[in-house]
file run11.cif (mmCIF, C-alpha atoms)
data_run
loop_
_atom_site.label_atom_id
_atom_site.label_comp_id
_atom_site.auth_asym_id
_atom_site.auth_seq_id
_atom_site.Cartn_x
_atom_site.Cartn_y
_atom_site.Cartn_z
CA MET A 1 44.13 -172.84 82.90
CA LYS A 2 46.26 -170.12 84.44
CA SER A 3 49.91 -170.27 83.52
CA SER A 4 52.08 -171.74 86.24
CA PRO A 5 54.20 -168.59 86.79
CA GLU A 6 51.05 -166.59 87.58
CA PHE A 7 49.78 -169.02 90.18
CA ASP A 8 53.32 -169.47 91.48
CA ARG A 9 53.16 -165.78 92.40
CA TYR A 10 49.78 -166.25 94.08
CA ALA A 11 50.75 -169.39 96.01
CA GLN A 12 52.18 -167.80 99.16
CA ASP A 13 49.25 -165.43 99.69
CA TYR A 14 46.56 -167.46 97.93
CA GLU A 15 44.15 -167.71 100.86
CA ASP A 16 44.42 -163.97 101.58
CA LEU A 17 43.77 -163.11 97.92
CA LEU A 18 40.48 -165.01 98.08
CA HIS A 19 39.19 -162.82 100.90
CA VAL A 20 37.03 -160.51 98.82
CA PRO A 21 34.72 -158.75 101.36
CA LEU A 22 31.49 -160.01 99.78
CA ARG A 23 32.83 -163.56 99.69
CA HIS A 24 34.04 -163.27 103.27
CA HIS A 25 30.59 -162.20 104.47
CA PHE A 26 29.14 -165.38 102.93
CA VAL A 27 31.16 -167.66 105.20
CA THR A 28 32.29 -167.81 108.81
CA SER A 29 34.99 -170.47 108.25
CA ASP A 30 37.57 -170.64 105.47
CA ASP A 31 36.88 -174.36 105.05
CA PHE A 32 33.16 -173.97 104.22
CA PHE A 33 33.46 -174.08 100.42
CA HIS A 34 35.65 -177.18 100.51
CA ARG A 35 33.26 -178.90 102.93
CA ARG A 36 30.30 -178.15 100.68
CA LYS A 37 32.02 -179.63 97.63
CA TRP A 38 33.12 -182.68 99.60
CA ALA A 39 29.55 -183.22 100.85
CA LEU A 40 28.24 -182.89 97.28
CA LEU A 41 30.70 -185.52 95.99
CA LEU A 42 29.89 -187.94 98.80
CA ASP A 43 26.16 -187.50 98.26
CA PHE A 44 26.53 -188.29 94.55
CA LEU A 45 28.61 -191.43 95.21
CA GLN A 46 26.20 -192.68 97.85
CA ARG A 47 23.16 -192.12 95.63
CA HIS A 48 24.84 -194.11 92.85
CA GLY A 49 25.93 -196.96 95.09
CA LEU A 50 29.66 -196.22 94.78
CA SER A 51 31.99 -196.84 97.72
CA PRO A 52 34.91 -194.36 97.87
CA GLY A 53 37.13 -197.03 99.41
CA ASP A 54 37.00 -198.93 96.12
CA LEU A 55 37.83 -195.90 93.98
CA ALA A 56 40.86 -193.93 92.81
CA TRP A 57 40.25 -190.17 92.62
CA LEU A 58 42.16 -187.53 90.64
CA ASP A 59 41.58 -183.83 91.31
CA VAL A 60 42.67 -181.79 88.28
CA GLY A 61 43.91 -178.30 89.16
CA CYS A 62 44.01 -179.32 92.80
CA GLY A 63 45.99 -176.33 94.07
CA LYS A 64 47.24 -177.06 97.58
CA GLY A 65 45.04 -180.15 97.84
CA GLU A 66 42.42 -178.81 100.24
CA LEU A 67 39.59 -180.83 98.69
CA LEU A 68 41.74 -183.93 98.26
CA SER A 69 42.59 -183.82 101.95
CA LYS A 70 38.91 -184.37 102.73
CA GLY A 71 39.08 -187.74 100.94
CA ARG A 72 42.43 -188.90 102.26
CA SER A 73 40.92 -191.49 104.61
CA HIS A 74 37.93 -192.36 102.39
CA PHE A 75 39.30 -193.27 98.95
CA GLY A 76 41.46 -196.18 97.90
CA ARG A 77 43.79 -193.70 96.20
CA ILE A 78 43.82 -189.93 95.88
CA ALA A 79 46.03 -187.88 93.57
CA GLY A 80 46.13 -184.42 92.08
CA CYS A 81 47.85 -182.29 89.50
CA ASP A 82 48.28 -178.55 89.11
CA PRO A 83 50.08 -176.28 86.62
CA SER A 84 51.71 -174.31 89.45
CA ARG A 85 54.78 -175.88 91.04
CA GLU A 86 54.41 -173.63 94.07
CA MET A 87 50.76 -174.54 94.61
CA ALA A 88 51.55 -178.24 94.18
CA ARG A 89 54.40 -177.89 96.66
CA GLY A 90 51.83 -176.72 99.21
CA ALA A 91 49.95 -180.04 98.97
CA ALA A 92 52.11 -181.62 101.66
CA GLY A 93 51.71 -185.36 102.11
CA LEU A 94 49.56 -185.81 99.00
CA GLU A 95 50.38 -187.35 95.63
CA VAL A 96 50.36 -184.21 93.49
CA LEU A 97 52.19 -183.84 90.17
CA VAL A 98 52.85 -180.71 88.13
CA GLN A 99 50.74 -180.41 84.99
CA GLU A 100 53.14 -178.96 82.46
CA THR A 101 50.57 -178.08 79.77
CA PRO A 102 46.79 -177.49 79.87
CA ASP A 103 45.97 -180.39 77.55
CA VAL A 104 48.18 -183.16 79.01
CA LEU A 105 47.61 -184.81 82.40
CA PRO A 106 50.66 -186.51 83.96
CA PHE A 107 48.96 -189.86 84.54
CA GLY A 108 48.47 -193.04 82.54
CA ASP A 109 45.41 -194.23 80.64
CA ALA A 110 42.46 -195.62 82.63
CA THR A 111 44.08 -194.94 86.02
CA PHE A 112 41.21 -193.39 87.97
CA ASP A 113 37.53 -194.00 88.72
CA LEU A 114 36.65 -190.41 89.61
CA ALA A 115 38.05 -187.15 88.26
CA THR A 116 37.15 -183.69 89.49
CA ALA A 117 37.96 -180.25 88.10
CA VAL A 118 36.87 -177.67 90.66
CA CYS A 119 36.77 -174.05 89.49
CA VAL A 120 39.40 -174.92 86.89
CA TYR A 121 37.72 -174.45 83.51
CA HIS A 122 37.16 -170.71 83.90
CA HIS A 123 40.97 -170.41 83.97
CA VAL A 124 41.34 -172.58 80.85
CA GLY A 125 41.44 -170.86 77.47
CA GLU A 126 38.68 -171.84 75.06
CA PRO A 127 41.03 -173.72 72.66
CA ASP A 128 42.25 -175.92 75.55
CA ARG A 129 38.91 -176.81 77.13
CA LYS A 130 38.01 -179.71 74.83
CA PRO A 131 41.55 -181.17 74.82
CA LEU A 132 41.59 -181.04 78.63
CA THR A 133 38.22 -182.80 78.79
CA LEU A 134 39.49 -185.48 76.42
CA GLU A 135 42.52 -185.94 78.68
CA ILE A 136 40.26 -186.36 81.70
CA ARG A 137 38.32 -189.01 79.80
CA ARG A 138 41.60 -190.75 78.89
CA ILE A 139 42.75 -191.17 82.50
CA LEU A 140 39.36 -192.54 83.61
CA ARG A 141 38.56 -196.23 83.67
CA PRO A 142 35.44 -197.50 81.86
CA ASN A 143 32.32 -196.11 83.58
CA GLY A 144 34.49 -193.59 85.43
CA ILE A 145 32.86 -190.39 86.67
CA PHE A 146 33.87 -186.83 85.84
CA CYS A 147 32.62 -183.98 88.04
CA MET A 148 33.17 -180.41 86.84
CA ILE A 149 32.38 -177.69 89.40
CA GLU A 150 32.21 -174.07 88.28
CA HIS A 151 31.01 -170.63 89.33
CA ASN A 152 27.47 -169.94 88.13
CA PRO A 153 27.46 -166.78 85.95
CA PHE A 154 23.70 -166.39 86.49
CA ASN A 155 24.25 -165.65 90.19
CA PRO A 156 24.83 -161.87 90.70
CA ALA A 157 26.85 -162.32 93.89
CA THR A 158 29.13 -164.79 92.13
CA GLN A 159 29.70 -162.33 89.30
CA LEU A 160 30.69 -159.58 91.76
CA ILE A 161 33.02 -161.83 93.76
CA VAL A 162 34.80 -163.06 90.61
CA LYS A 163 35.24 -159.52 89.29
CA ARG A 164 36.79 -158.37 92.57
CA CYS A 165 39.05 -161.36 93.20
CA PRO A 166 42.67 -160.89 92.00
CA VAL A 167 43.04 -164.62 91.37
CA ASP A 168 40.10 -164.49 88.92
CA ARG A 169 41.20 -161.33 87.13
CA ASP A 170 40.97 -162.88 83.65
CA ALA A 171 38.47 -165.65 84.41
CA ARG A 172 35.95 -166.54 81.72
CA LEU A 173 32.91 -168.08 83.40
CA LEU A 174 30.96 -170.82 81.68
CA THR A 175 27.36 -171.88 82.05
CA ALA A 176 26.17 -175.36 82.97
CA HIS A 177 24.98 -175.70 79.37
CA SER A 178 28.52 -175.02 78.13
CA ALA A 179 29.95 -177.48 80.65
CA ARG A 180 27.61 -180.19 79.39
CA HIS A 181 28.66 -179.31 75.84
CA TYR A 182 32.35 -179.86 76.64
CA THR A 183 31.73 -183.21 78.30
CA GLY A 184 29.43 -184.36 75.50
CA ASP A 185 31.93 -183.39 72.81
CA ALA A 186 34.59 -185.41 74.62
CA GLY A 187 32.43 -188.53 74.57
CA PHE A 188 31.06 -188.49 78.10
CA ARG A 189 27.50 -189.52 78.91
CA TYR A 190 25.74 -186.76 80.84
CA LEU A 191 24.32 -187.79 84.22
CA GLU A 192 23.12 -184.75 86.16
CA THR A 193 23.58 -181.11 87.14
CA GLN A 194 23.40 -179.76 90.67
CA TYR A 195 23.34 -176.12 91.72
CA PHE A 196 24.48 -175.25 95.24
CA LEU A 197 25.72 -172.42 97.50
CA TYR A 198 22.38 -170.65 97.73
CA PHE A 199 22.73 -169.69 101.40
CA PRO A 200 25.44 -168.15 103.60
CA GLU A 201 27.16 -170.65 105.87
CA THR A 202 25.19 -169.76 109.02
CA LEU A 203 21.88 -170.19 107.19
CA TYR A 204 23.00 -173.32 105.37
CA ASN A 205 23.89 -174.97 108.69
CA ARG A 206 20.22 -174.68 109.65
CA MET A 207 18.67 -175.27 106.21
CA ALA A 208 20.84 -177.84 104.42
CA GLY A 209 17.73 -179.75 103.40
CA ALA A 210 16.26 -176.68 101.73
CA GLU A 211 19.38 -176.23 99.62
CA ARG A 212 19.14 -179.85 98.44
CA LEU A 213 15.58 -179.17 97.30
CA LEU A 214 16.85 -176.22 95.23
CA ARG A 215 19.62 -178.11 93.44
CA SER A 216 17.85 -178.09 90.08
CA VAL A 217 17.14 -174.33 90.25
CA PRO A 218 19.89 -172.58 88.22
CA PHE A 219 20.69 -169.72 90.58
CA GLY A 220 23.07 -171.21 93.15
CA GLY A 221 26.51 -169.67 93.46
CA GLN A 222 28.12 -172.70 91.82
CA PHE A 223 27.09 -175.76 89.86
CA ALA A 224 28.37 -179.31 89.44
CA ILE A 225 28.11 -181.37 86.27
CA PHE A 226 28.44 -185.15 86.54
CA ALA A 227 29.20 -187.24 83.47
CA GLN A 228 30.33 -190.82 82.86
CA LYS A 229 32.85 -192.38 80.53
#
call {"tool": "encode", "arguments": {"input": "run11.cif", "output": "structure tokens"}}
result
Amino acid sequence: MKSSPEFDRYAQDYEDLLHVPLRHHFVTSDDFFHRRKWALLLDFLQRHGLSPGDLAWLDVGCGKGELLSKGRSHFGRIAGCDPSREMARGAAGLEVLVQETPDVLPFGDATFDLATAVCVYHHVGEPDRKPLTLEIRRILRPNGIFCMIEHNPFNPATQLIVKRCPVDRDARLLTAHSARHYTGDAGFRYLETQYFLYFPETLYNRMAGAERLLRSVPFGGQFAIFAQK
């Protein structure tokens, strides 16, 4: 995970730093990527018969809480943590704590039913990835769900965007296979993988069903791994 001083420097201009031209041409609204991830989470919960109102959700590396804000009125409890004090300070009105070290989450054992880590692991150094995954398992209740969302290194557009984005200057992308490896090593039971972000926003708005049909094809811009404690 990026050191907090580095993301503290990015915090004020974070949204502007994400506006790589190729990325910007993919979307017409800044909120699109958050909406897609929120829709993916809701779809998973609905398919597995889980009601968000009965669940507590932790978003690890939540930044300014954009994704958490989508669930504010849906979940029983939402909370986040981030290694950057400045980013966490931007999550106004949300329960967000500072994560002082990559391998320690500032929450008690078995506190949450759902944990997400969205585009976090490619900022986490290899030695810290398994300890972080173990920490995520620790804060989950029995049968709790962990969703890891990452950039897909097999997508050429994703590779170009990451290389040109200042925020991702030293990112180390991981494959879905590697993500499953980390969750398995930490004692999670693998559930499923979904690939998404195949189409630009304007096309997706007309062909959302087609993207769902492609979710097992490993060429979407990002992927989501779901695993269970």
call {"tool": "residues_around", "arguments": {"input": "run11.cif", "residues": "Thr183 (chain A)", "least_positions_apart": "4", "cutoff": "10 Å", "atoms": "all atoms listed in the file", "output": "PDB file with C-alpha atoms, in the coordinates of the input"}}
result
ATOM      1  CA  ARG A 129      38.910-176.810  77.130  1.00  0.00           C
ATOM      2  CA  LYS A 130      38.010-179.710  74.830  1.00  0.00           C
ATOM      3  CA  THR A 133      38.220-182.800  78.790  1.00  0.00           C
ATOM      4  CA  LEU A 134      39.490-185.480  76.420  1.00  0.00           C
ATOM      5  CA  ILE A 136      40.260-186.360  81.700  1.00  0.00           C
ATOM      6  CA  ARG A 137      38.320-189.010  79.800  1.00  0.00           C
ATOM      7  CA  PHE A 146      33.870-186.830  85.840  1.00  0.00           C
ATOM      8  CA  CYS A 147      32.620-183.980  88.040  1.00  0.00           C
ATOM      9  CA  MET A 148      33.170-180.410  86.840  1.00  0.00           C
ATOM     10  CA  SER A 178      28.520-175.020  78.130  1.00  0.00           C
ATOM     11  CA  ALA A 179      29.950-177.480  80.650  1.00  0.00           C
ATOM     12  CA  GLY A 187      32.430-188.530  74.570  1.00  0.00           C
ATOM     13  CA  PHE A 188      31.060-188.490  78.100  1.00  0.00           C
ATOM     14  CA  ARG A 189      27.500-189.520  78.910  1.00  0.00           C
ATOM     15  CA  TYR A 190      25.740-186.760  80.840  1.00  0.00           C
ATOM     16  CA  ILE A 225      28.110-181.370  86.270  1.00  0.00           C
ATOM     17  CA  PHE A 226      28.440-185.150  86.540  1.00  0.00           C
ATOM     18  CA  ALA A 227      29.200-187.240  83.470  1.00  0.00           C
ATOM     19  CA  GLN A 228      30.330-190.820  82.860  1.00  0.00           C
ATOM     20  CA  LYS A 229      32.850-192.380  80.530  1.00  0.00           C
TER      21      LYS A 229
END
call {"tool": "closest_residue", "arguments": {"input": "run11.cif", "among": "A:Gln46, A:Thr193, A:Ser29, A:Asn205", "to": "Glu150 (chain A)", "atoms": "only C-alpha atoms"}}
result
A:Thr193
call {"tool": "atom_distance", "arguments": {"input": "run11.cif", "atom1": "CA of Asn143 (chain A)", "atom2": "CA of Phe112 (chain A)"}}
result
10.3 Å
call {"tool": "resolve_selection", "arguments": {"input": "run11.cif", "expression": "the PyMOL selection byres ((chain A and resi 91) around 8)", "output": "compact mmCIF listing (two decimals) with C-alpha atoms, keeping the file's coordinate frame"}}
result
# COMPACT_ATOMS: atom_id res chain seq x y z
CA GLY A 63 45.99 -176.33 94.07
CA LYS A 64 47.24 -177.06 97.58
CA GLY A 65 45.04 -180.15 97.84
CA GLU A 66 42.42 -178.81 100.24
CA MET A 87 50.76 -174.54 94.61
CA ALA A 88 51.55 -178.24 94.18
CA ARG A 89 54.40 -177.89 96.66
CA GLY A 90 51.83 -176.72 99.21
CA ALA A 92 52.11 -181.62 101.66
CA GLY A 93 51.71 -185.36 102.11
CA LEU A 94 49.56 -185.81 99.00
CA VAL A 96 50.36 -184.21 93.49
call {"tool": "resolve_selection", "arguments": {"input": "run11.cif", "expression": "the PyMOL selection byres ((chain A and resi 215) around 10)", "output": "list of chain:residue names"}}
result
A:Thr193, A:Gln194, A:Tyr195, A:Phe196, A:Leu197, A:Tyr198, A:Ala210, A:Glu211, A:Arg212, A:Leu213, A:Leu214, A:Ser216, A:Val217, A:Pro218, A:Phe219, A:Gly220, A:Phe223, A:Ala224
call {"tool": "closest_residue", "arguments": {"input": "run11.cif", "among": "A:Gly125, A:Gly184, A:Gly221, A:Pro83", "to": "Gln159 (chain A)", "atoms": "all atoms listed in the file"}}
result
A:Gly221
call {"tool": "atom_distance", "arguments": {"input": "run11.cif", "atom1": "CA of Ala171 (chain A)", "atom2": "CA of Ser69 (chain A)"}}
result
25.6 Å
call {"tool": "closest_residue", "arguments": {"input": "run11.cif", "among": "A:Arg172, A:Lys70, A:Ser51, A:His151", "to": "Asp113 (chain A)", "atoms": "all atoms listed in the file"}}
result
A:Ser51
call {"tool": "residues_near_point", "arguments": {"input": "run11.cif", "point": "(49.9, -191.7, 90.8)", "cutoff": "7 Å", "atoms": "all atoms listed in the file", "output": "ChimeraX atom specification"}}
result
/A:79,95,107
call {"tool": "residues_around", "arguments": {"input": "run11.cif", "residues": "Val118 (chain A)", "least_positions_apart": "6", "cutoff": "8 Å", "atoms": "all atoms listed in the file", "output": "PyMOL selection string"}}
result
chain A and resi 59-62+148-150
call {"tool": "write_last_selection", "arguments": {"input": "run11.cif", "atoms": "C-alpha atoms", "output": "short mmCIF file (atom, residue, chain, number, x, y, z; two decimals), in the coordinates of the input"}}
result
data_model
loop_
_atom_site.label_atom_id
_atom_site.label_comp_id
_atom_site.auth_asym_id
_atom_site.auth_seq_id
_atom_site.Cartn_x
_atom_site.Cartn_y
_atom_site.Cartn_z
CA ASP A 59 41.58 -183.83 91.31
CA VAL A 60 42.67 -181.79 88.28
CA GLY A 61 43.91 -178.30 89.16
CA CYS A 62 44.01 -179.32 92.80
CA MET A 148 33.17 -180.41 86.84
CA ILE A 149 32.38 -177.69 89.40
CA GLU A 150 32.21 -174.07 88.28
#
call {"tool": "decode", "arguments": {"input": "run11.cif", "residues": "region 105-137 of chain A", "atoms": "N, CA and C atoms", "output": "mmCIF file, in the first residue's frame"}}
result
data_model
loop_
_atom_site.group_PDB
_atom_site.id
_atom_site.type_symbol
_atom_site.label_atom_id
_atom_site.label_comp_id
_atom_site.auth_asym_id
_atom_site.auth_seq_id
_atom_site.Cartn_x
_atom_site.Cartn_y
_atom_site.Cartn_z
ATOM 1 N N LEU A 105 -5.162 -3.620 10.542
ATOM 2 C CA LEU A 105 -6.386 -2.854 10.330
ATOM 3 C C LEU A 105 -6.904 -2.371 11.684
ATOM 4 N N PRO A 106 -7.356 -1.118 11.770
ATOM 5 C CA PRO A 106 -7.736 -0.531 13.060
ATOM 6 C C PRO A 106 -9.145 -0.884 13.519
ATOM 7 N N PHE A 107 -9.478 -2.176 13.440
ATOM 8 C CA PHE A 107 -10.795 -2.653 13.864
ATOM 9 C C PHE A 107 -10.632 -3.980 14.591
ATOM 10 N N GLY A 108 -11.615 -4.319 15.412
ATOM 11 C CA GLY A 108 -11.555 -5.522 16.215
ATOM 12 C C GLY A 108 -11.838 -6.787 15.431
ATOM 13 N N ASP A 109 -11.587 -7.918 16.066
ATOM 14 C CA ASP A 109 -11.843 -9.224 15.459
ATOM 15 C C ASP A 109 -13.330 -9.389 15.153
ATOM 16 N N ALA A 110 -13.615 -10.075 14.037
ATOM 17 C CA ALA A 110 -14.981 -10.494 13.687
ATOM 18 C C ALA A 110 -15.983 -9.341 13.820
ATOM 19 N N THR A 111 -15.668 -8.207 13.207
ATOM 20 C CA THR A 111 -16.494 -7.005 13.311
ATOM 21 C C THR A 111 -17.386 -6.791 12.096
ATOM 22 N N PHE A 112 -16.992 -7.350 10.950
ATOM 23 C CA PHE A 112 -17.684 -7.049 9.694
ATOM 24 C C PHE A 112 -18.128 -8.324 8.974
ATOM 25 N N ASP A 113 -19.136 -8.164 8.117
ATOM 26 C CA ASP A 113 -19.652 -9.262 7.299
ATOM 27 C C ASP A 113 -19.117 -9.212 5.880
ATOM 28 N N LEU A 114 -18.733 -8.033 5.442
ATOM 29 C CA LEU A 114 -18.207 -7.826 4.086
ATOM 30 C C LEU A 114 -16.998 -6.919 4.177
ATOM 31 N N ALA A 115 -15.928 -7.297 3.491
ATOM 32 C CA ALA A 115 -14.755 -6.430 3.371
ATOM 33 C C ALA A 115 -14.401 -6.301 1.899
ATOM 34 N N THR A 116 -14.087 -5.096 1.484
ATOM 35 C CA THR A 116 -13.643 -4.854 0.119
ATOM 36 C C THR A 116 -12.262 -4.195 0.143
ATOM 37 N N ALA A 117 -11.484 -4.478 -0.881
ATOM 38 C CA ALA A 117 -10.211 -3.804 -1.109
ATOM 39 C C ALA A 117 -10.172 -3.491 -2.597
ATOM 40 N N VAL A 118 -10.455 -2.261 -2.952
ATOM 41 C CA VAL A 118 -10.668 -1.871 -4.342
ATOM 42 C C VAL A 118 -9.434 -1.134 -4.872
ATOM 43 N N CYS A 119 -8.746 -1.779 -5.804
ATOM 44 C CA CYS A 119 -7.528 -1.207 -6.391
ATOM 45 C C CYS A 119 -6.544 -0.792 -5.297
ATOM 46 N N VAL A 120 -6.396 -1.669 -4.324
ATOM 47 C CA VAL A 120 -5.505 -1.457 -3.188
ATOM 48 C C VAL A 120 -4.241 -2.301 -3.311
ATOM 49 N N TYR A 121 -4.403 -3.575 -3.664
ATOM 50 C CA TYR A 121 -3.274 -4.511 -3.595
ATOM 51 C C TYR A 121 -2.137 -4.160 -4.541
ATOM 52 N N HIS A 122 -2.412 -3.478 -5.639
ATOM 53 C CA HIS A 122 -1.298 -3.123 -6.524
ATOM 54 C C HIS A 122 -0.442 -2.001 -5.945
ATOM 55 N N HIS A 123 -0.896 -1.406 -4.843
ATOM 56 C CA HIS A 123 -0.081 -0.441 -4.100
ATOM 57 C C HIS A 123 0.578 -1.073 -2.872
ATOM 58 N N VAL A 124 0.306 -2.340 -2.632
ATOM 59 C CA VAL A 124 0.843 -3.031 -1.456
ATOM 60 C C VAL A 124 2.078 -3.814 -1.866
ATOM 61 N N GLY A 125 3.172 -3.650 -1.139
ATOM 62 C CA GLY A 125 4.381 -4.406 -1.438
ATOM 63 C C GLY A 125 4.164 -5.889 -1.242
ATOM 64 N N GLU A 126 4.854 -6.695 -2.018
ATOM 65 C CA GLU A 126 4.686 -8.149 -1.965
ATOM 66 C C GLU A 126 4.772 -8.708 -0.541
ATOM 67 N N PRO A 127 5.744 -8.287 0.282
ATOM 68 C CA PRO A 127 5.828 -8.868 1.636
ATOM 69 C C PRO A 127 4.606 -8.575 2.507
ATOM 70 N N ASP A 128 3.853 -7.515 2.170
ATOM 71 C CA ASP A 128 2.709 -7.125 3.001
ATOM 72 C C ASP A 128 1.376 -7.665 2.501
ATOM 73 N N ARG A 129 1.357 -8.290 1.334
ATOM 74 C CA ARG A 129 0.068 -8.705 0.763
ATOM 75 C C ARG A 129 -0.587 -9.834 1.567
ATOM 76 N N LYS A 130 0.170 -10.857 1.932
ATOM 77 C CA LYS A 130 -0.427 -11.924 2.733
ATOM 78 C C LYS A 130 -0.810 -11.435 4.126
ATOM 79 N N PRO A 131 0.061 -10.685 4.840
ATOM 80 C CA PRO A 131 -0.365 -10.172 6.148
ATOM 81 C C PRO A 131 -1.631 -9.321 6.079
ATOM 82 N N LEU A 132 -1.759 -8.490 5.033
ATOM 83 C CA LEU A 132 -2.972 -7.688 4.893
ATOM 84 C C LEU A 132 -4.191 -8.586 4.694
ATOM 85 N N THR A 133 -4.050 -9.624 3.882
ATOM 86 C CA THR A 133 -5.176 -10.537 3.640
ATOM 87 C C THR A 133 -5.560 -11.267 4.913
ATOM 88 N N LEU A 134 -4.586 -11.644 5.709
ATOM 89 C CA LEU A 134 -4.869 -12.272 7.003
ATOM 90 C C LEU A 134 -5.607 -11.309 7.925
ATOM 91 N N GLU A 135 -5.232 -10.032 7.888
ATOM 92 C CA GLU A 135 -5.916 -9.026 8.695
ATOM 93 C C GLU A 135 -7.373 -8.870 8.258
ATOM 94 N N ILE A 136 -7.599 -8.888 6.947
ATOM 95 C CA ILE A 136 -8.965 -8.790 6.450
ATOM 96 C C ILE A 136 -9.784 -9.986 6.920
ATOM 97 N N ARG A 137 -9.171 -11.155 6.909
ATOM 98 C CA ARG A 137 -9.871 -12.340 7.418
ATOM 99 C C ARG A 137 -10.172 -12.192 8.912
#
